[in-house]
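Data first, discussion second: the structure below is written as structure tokens.
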Amino acid sequence: MEQKWNFSFFNNIFKLEITFLIDLVAIAGFFTYTESLKDTIFLIPLLVSGSLASMASGVFNNIYDTDIDSKMERVSKRRKVVYRNKSKMIILLIVLFAASMIVGFSYLNYVSVIYIIAGFLSYAFLYTVVLKRRTDLNIVFGGIAGSFPALAGSAAISGTVTPAAIFIAVLVFVWTPTHFWSLAIKYKDDYSSANIPMLPAVKGIAITRKYILINSIFLAIVTIIPFVYSRIGLNLIYGIASVPLALWILIPSYYYFRRKGEAKEYRKLFSYTNGYLTIALILIIISTFTILK
């Protein structure tokens with residue numbers, strides 16, 4: 001059956017959902033530094049450069065993983081297209097990354113571009129090449145890739161990394177295991193078939209549920225840090241909202257831990273984690289936006 005070149009296909013090839021979250025992290029980091037509405041012009045090259053680098057890392061991941069994608073039902077159709085057009089995908093990878101660097105070095109502070117490069121390398125090489133096939137802690141350490149956009153956003157204008165941007169980076173890093181393990185539980189059999197040591201495939205669902213709850217408790221604690229430590233630079237808009245936000249992630253994690261439901265139900269927890277991060281980042285953007293200070 002021929003692959004349809006629709007949004008779902010392009011989303012799989014370029015990992016557009018990841019790119020969207022990365023852009024939102026970068027925007028949140030950006031507004032922790034900006035002092036004038038005039039500065040928002042820098043958002044354009046920041047998002048263009050960051051998005052292109054993110055998509056390039058996604059393409060690299062697809063190229064590198066063609067050997068295991070055929071064993072995973074979820075991505076088998078994507079694998080066929082990538083494998084048949086491997087040379088074109090390599091060219092696409094080079095073009096995307098080169099365009100990202102041209103835009104970045106032309107319009108952004110070089111420190112910001114270094115963080116964009118670090119984000120690309122940490123996903124493409126640290127996670128995909130080094131960690132993914134070697135350890136069940138792959139997503140824990142590989143999750144650092146999602147932290148760099150916050151630093152890149154903060155540094156976009158002058159190279160300054162704010163305490164609030166560092167907080168965002170830590171928040172995303174701690175959020176990643178709860179987020180990805182929830183999805184990995186549903187696709188446990190896929191990872192087992194491909195011999196990928198994702199936590200549910202190696203330790204089992206019961207242990208993974210426990211780790212998700214432990215990580216979610218830690219994430220909830222990190223979430224409310226600005227509420228008790230004002231020097232981070234987020235005002236009461238985020239501070240007050242951080243408590244119910246922490247409960248947003250903690251209650252579902254505990255519910256699914258206690259319920260011990262079927263693996264497919266963890267897709268719902270995965271959706272909760274997406275909503276959590278999206279709302280957290282929007283609150284941070286509102287909290288740091290100059291007009292509201």
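Labeling convention for the structure tokens: chains A, B, ... as they appear, residues from 1 per chain, ligands from 1 in order of appearance.
Excluding Pro197 (chain A) itself and same-chain residues fewer than 3 positions from it, the residues having an atom within 12 Å of it are Leu131, Lys132, Arg133, Arg134, Thr135, Asp136, Leu137, Asn138, Ile139, Trp181, Ala184, Lys188, Asp189, Asp190, Tyr191, Ser192, Ser193, Ala194, Pro200, Ala201, Val202, Lys203 and Gly204 of chain A, counting only C-alpha atoms.
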Q: Going by DSSP on the backbone, which bits of region 26-172 of chain A are helix (DSSP H, G or I)? Write them as a PyMOL selection string, please.
A: chain A and resi 26-31+37-64+66-69+73-84+86-107+110-131+138-146+148-155+163-172
Find the spatial neighbours of region 102-119 of chain A, counting only C-alpha atoms, within a cut-off of 8 Å - ignore same-chain residues fewer than 5 positions away - and output them as a compact mmCIF listing (two decimals) with C-alpha atoms, in the first residue's frame.
```txt
# COMPACT_ATOMS: atom_id res chain seq x y z
CA PHE A 42 14.16 38.33 17.18
CA PRO A 45 14.90 34.00 13.36
CA LEU A 46 14.86 32.17 16.70
CA VAL A 48 13.01 29.57 12.13
CA SER A 49 16.51 28.48 13.13
CA GLY A 50 15.28 26.36 16.03
CA ALA A 53 17.38 22.32 13.53
CA SER A 54 14.64 20.35 15.30
CA ILE A 144 18.35 17.20 27.91
CA ALA A 145 17.74 17.92 24.23
CA GLY A 146 14.45 19.57 25.13
CA SER A 147 16.13 21.89 27.63
CA PHE A 148 18.44 23.74 25.25
CA PRO A 149 15.70 25.72 23.43
CA LEU A 151 18.59 28.67 26.90
CA ALA A 152 18.70 29.50 23.19
CA GLY A 153 15.59 31.67 23.57
CA SER A 154 16.98 33.57 26.53
CA ALA A 155 20.32 34.13 24.78
CA ALA A 156 18.84 35.15 21.42
CA ILE A 157 19.36 38.90 21.86
CA SER A 158 22.46 39.40 24.00
CA GLY A 159 23.72 35.97 24.97
```
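Ranking A:Val170, A:Leu16, A:Leu213, A:Asp69 by their shortest atom-to-atom distance to Ile225 (chain A), with only C-alpha atoms included, puts A:Val170 first.
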If we count only C-alpha atoms and set the cut-off at 9 Å, which residues sit around Arg231 (chain A), ignoring sequence neighbours fewer than 5 positions away in its own chain? Please answer as an mmCIF file with N, CA and C atoms, in the first residue's frame.
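Okay, this is what ended up in around.cif:
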```cif
data_model
loop_
_atom_site.group_PDB
_atom_site.id
_atom_site.type_symbol
_atom_site.label_atom_id
_atom_site.label_comp_id
_atom_site.auth_asym_id
_atom_site.auth_seq_id
_atom_site.Cartn_x
_atom_site.Cartn_y
_atom_site.Cartn_z
ATOM 1 N N PRO A 163 17.906 33.283 35.137
ATOM 2 C CA PRO A 163 17.504 32.218 36.070
ATOM 3 C C PRO A 163 16.188 31.556 35.669
ATOM 4 N N ALA A 164 15.249 32.351 35.143
ATOM 5 C CA ALA A 164 13.958 31.790 34.722
ATOM 6 C C ALA A 164 14.133 30.831 33.550
ATOM 7 N N PRO A 226 9.271 28.255 41.755
ATOM 8 C CA PRO A 226 9.140 29.720 41.659
ATOM 9 C C PRO A 226 8.140 30.305 42.653
#
```
**Q.** From A:Val172, A:Asp67, A:Ile249, A:Ser100, residue lying nearest Leu21 (chain A) [only C-alpha atoms]
**A.** A:Val172
Q) Any idea what's packed within 9 Å of Ala56 (chain A), counting only C-alpha atoms, ignoring anything in its chain fewer than 6 positions away? Could you give it as a ChimeraX atom specification? A) /A:14,92-97,100,120,124
If you keep all heavy atoms, can you produce a file of those selected residues as a PDB file, in the first residue's frame?
```
ATOM      1  N   PHE A  14       9.232  14.730  10.111  1.00  0.00           N
ATOM      2  CA  PHE A  14       9.871  15.906  10.697  1.00  0.00           C
ATOM      3  C   PHE A  14       9.622  16.030  12.194  1.00  0.00           C
ATOM      4  O   PHE A  14      10.167  16.934  12.830  1.00  0.00           O
ATOM      5  CB  PHE A  14       9.375  17.178  10.003  1.00  0.00           C
ATOM      6  CG  PHE A  14       9.751  17.260   8.552  1.00  0.00           C
ATOM      7  CD1 PHE A  14       8.783  17.182   7.563  1.00  0.00           C
ATOM      8  CD2 PHE A  14      11.076  17.417   8.171  1.00  0.00           C
ATOM      9  CE1 PHE A  14       9.123  17.253   6.220  1.00  0.00           C
ATOM     10  CE2 PHE A  14      11.429  17.491   6.827  1.00  0.00           C
ATOM     11  CZ  PHE A  14      10.449  17.403   5.846  1.00  0.00           C
ATOM     12  N   LEU A  92      18.194  16.289   2.476  1.00  0.00           N
ATOM     13  CA  LEU A  92      17.221  17.094   3.227  1.00  0.00           C
ATOM     14  C   LEU A  92      17.769  17.449   4.603  1.00  0.00           C
ATOM     15  O   LEU A  92      17.636  18.598   5.051  1.00  0.00           O
ATOM     16  CB  LEU A  92      15.912  16.320   3.363  1.00  0.00           C
ATOM     17  CG  LEU A  92      14.792  16.999   4.162  1.00  0.00           C
ATOM     18  CD1 LEU A  92      14.381  18.312   3.510  1.00  0.00           C
ATOM     19  CD2 LEU A  92      13.583  16.061   4.283  1.00  0.00           C
ATOM     20  N   LEU A  93      18.375  16.482   5.271  1.00  0.00           N
ATOM     21  CA  LEU A  93      18.987  16.712   6.579  1.00  0.00           C
ATOM     22  C   LEU A  93      20.029  17.819   6.500  1.00  0.00           C
ATOM     23  O   LEU A  93      20.034  18.755   7.325  1.00  0.00           O
ATOM     24  CB  LEU A  93      19.628  15.417   7.077  1.00  0.00           C
ATOM     25  CG  LEU A  93      20.653  15.521   8.220  1.00  0.00           C
ATOM     26  CD1 LEU A  93      20.005  16.047   9.491  1.00  0.00           C
ATOM     27  CD2 LEU A  93      21.306  14.158   8.464  1.00  0.00           C
ATOM     28  N   ILE A  94      20.910  17.748   5.515  1.00  0.00           N
ATOM     29  CA  ILE A  94      21.984  18.749   5.352  1.00  0.00           C
ATOM     30  C   ILE A  94      21.401  20.127   5.070  1.00  0.00           C
ATOM     31  O   ILE A  94      21.833  21.127   5.646  1.00  0.00           O
ATOM     32  CB  ILE A  94      22.945  18.322   4.229  1.00  0.00           C
ATOM     33  CG1 ILE A  94      23.670  17.026   4.617  1.00  0.00           C
ATOM     34  CG2 ILE A  94      23.947  19.426   3.924  1.00  0.00           C
ATOM     35  CD1 ILE A  94      24.479  16.413   3.490  1.00  0.00           C
ATOM     36  N   VAL A  95      20.403  20.168   4.193  1.00  0.00           N
ATOM     37  CA  VAL A  95      19.789  21.453   3.826  1.00  0.00           C
ATOM     38  C   VAL A  95      19.106  22.089   5.035  1.00  0.00           C
ATOM     39  O   VAL A  95      19.260  23.297   5.283  1.00  0.00           O
ATOM     40  CB  VAL A  95      18.780  21.260   2.678  1.00  0.00           C
ATOM     41  CG1 VAL A  95      17.952  22.533   2.468  1.00  0.00           C
ATOM     42  CG2 VAL A  95      19.497  20.885   1.389  1.00  0.00           C
ATOM     43  N   LEU A  96      18.358  21.295   5.796  1.00  0.00           N
ATOM     44  CA  LEU A  96      17.657  21.824   6.960  1.00  0.00           C
ATOM     45  C   LEU A  96      18.631  22.383   7.989  1.00  0.00           C
ATOM     46  O   LEU A  96      18.441  23.497   8.503  1.00  0.00           O
ATOM     47  CB  LEU A  96      16.804  20.722   7.607  1.00  0.00           C
ATOM     48  CG  LEU A  96      15.527  20.305   6.878  1.00  0.00           C
ATOM     49  CD1 LEU A  96      14.934  19.054   7.519  1.00  0.00           C
ATOM     50  CD2 LEU A  96      14.514  21.436   6.865  1.00  0.00           C
ATOM     51  N   PHE A  97      19.677  21.617   8.289  1.00  0.00           N
ATOM     52  CA  PHE A  97      20.627  22.074   9.310  1.00  0.00           C
ATOM     53  C   PHE A  97      21.422  23.280   8.815  1.00  0.00           C
ATOM     54  O   PHE A  97      21.667  24.228   9.584  1.00  0.00           O
ATOM     55  CB  PHE A  97      21.576  20.941   9.699  1.00  0.00           C
ATOM     56  CG  PHE A  97      22.470  21.299  10.862  1.00  0.00           C
ATOM     57  CD1 PHE A  97      21.954  21.384  12.148  1.00  0.00           C
ATOM     58  CD2 PHE A  97      23.812  21.588  10.661  1.00  0.00           C
ATOM     59  CE1 PHE A  97      22.758  21.737  13.219  1.00  0.00           C
ATOM     60  CE2 PHE A  97      24.630  21.937  11.731  1.00  0.00           C
ATOM     61  CZ  PHE A  97      24.104  22.013  13.011  1.00  0.00           C
ATOM     62  N   SER A 100      19.288  26.316   9.033  1.00  0.00           N
ATOM     63  CA  SER A 100      19.174  26.712  10.435  1.00  0.00           C
ATOM     64  C   SER A 100      20.384  27.534  10.872  1.00  0.00           C
ATOM     65  O   SER A 100      20.231  28.572  11.542  1.00  0.00           O
ATOM     66  CB  SER A 100      19.047  25.467  11.316  1.00  0.00           C
ATOM     67  OG  SER A 100      19.168  25.793  12.688  1.00  0.00           O
ATOM     68  N   PHE A 120      20.398  20.091  18.845  1.00  0.00           N
ATOM     69  CA  PHE A 120      20.450  19.164  17.698  1.00  0.00           C
ATOM     70  C   PHE A 120      21.334  17.964  18.010  1.00  0.00           C
ATOM     71  O   PHE A 120      20.941  16.807  17.809  1.00  0.00           O
ATOM     72  CB  PHE A 120      20.962  19.893  16.461  1.00  0.00           C
ATOM     73  CG  PHE A 120      21.282  18.980  15.308  1.00  0.00           C
ATOM     74  CD1 PHE A 120      20.286  18.559  14.446  1.00  0.00           C
ATOM     75  CD2 PHE A 120      22.584  18.535  15.094  1.00  0.00           C
ATOM     76  CE1 PHE A 120      20.575  17.699  13.386  1.00  0.00           C
ATOM     77  CE2 PHE A 120      22.883  17.679  14.038  1.00  0.00           C
ATOM     78  CZ  PHE A 120      21.876  17.264  13.182  1.00  0.00           C
ATOM     79  N   ALA A 124      20.147  14.108  18.176  1.00  0.00           N
ATOM     80  CA  ALA A 124      20.596  13.297  17.049  1.00  0.00           C
ATOM     81  C   ALA A 124      21.673  12.292  17.450  1.00  0.00           C
ATOM     82  O   ALA A 124      21.636  11.133  17.018  1.00  0.00           O
ATOM     83  CB  ALA A 124      21.119  14.199  15.926  1.00  0.00           C
TER      84      ALA A 124
END
```
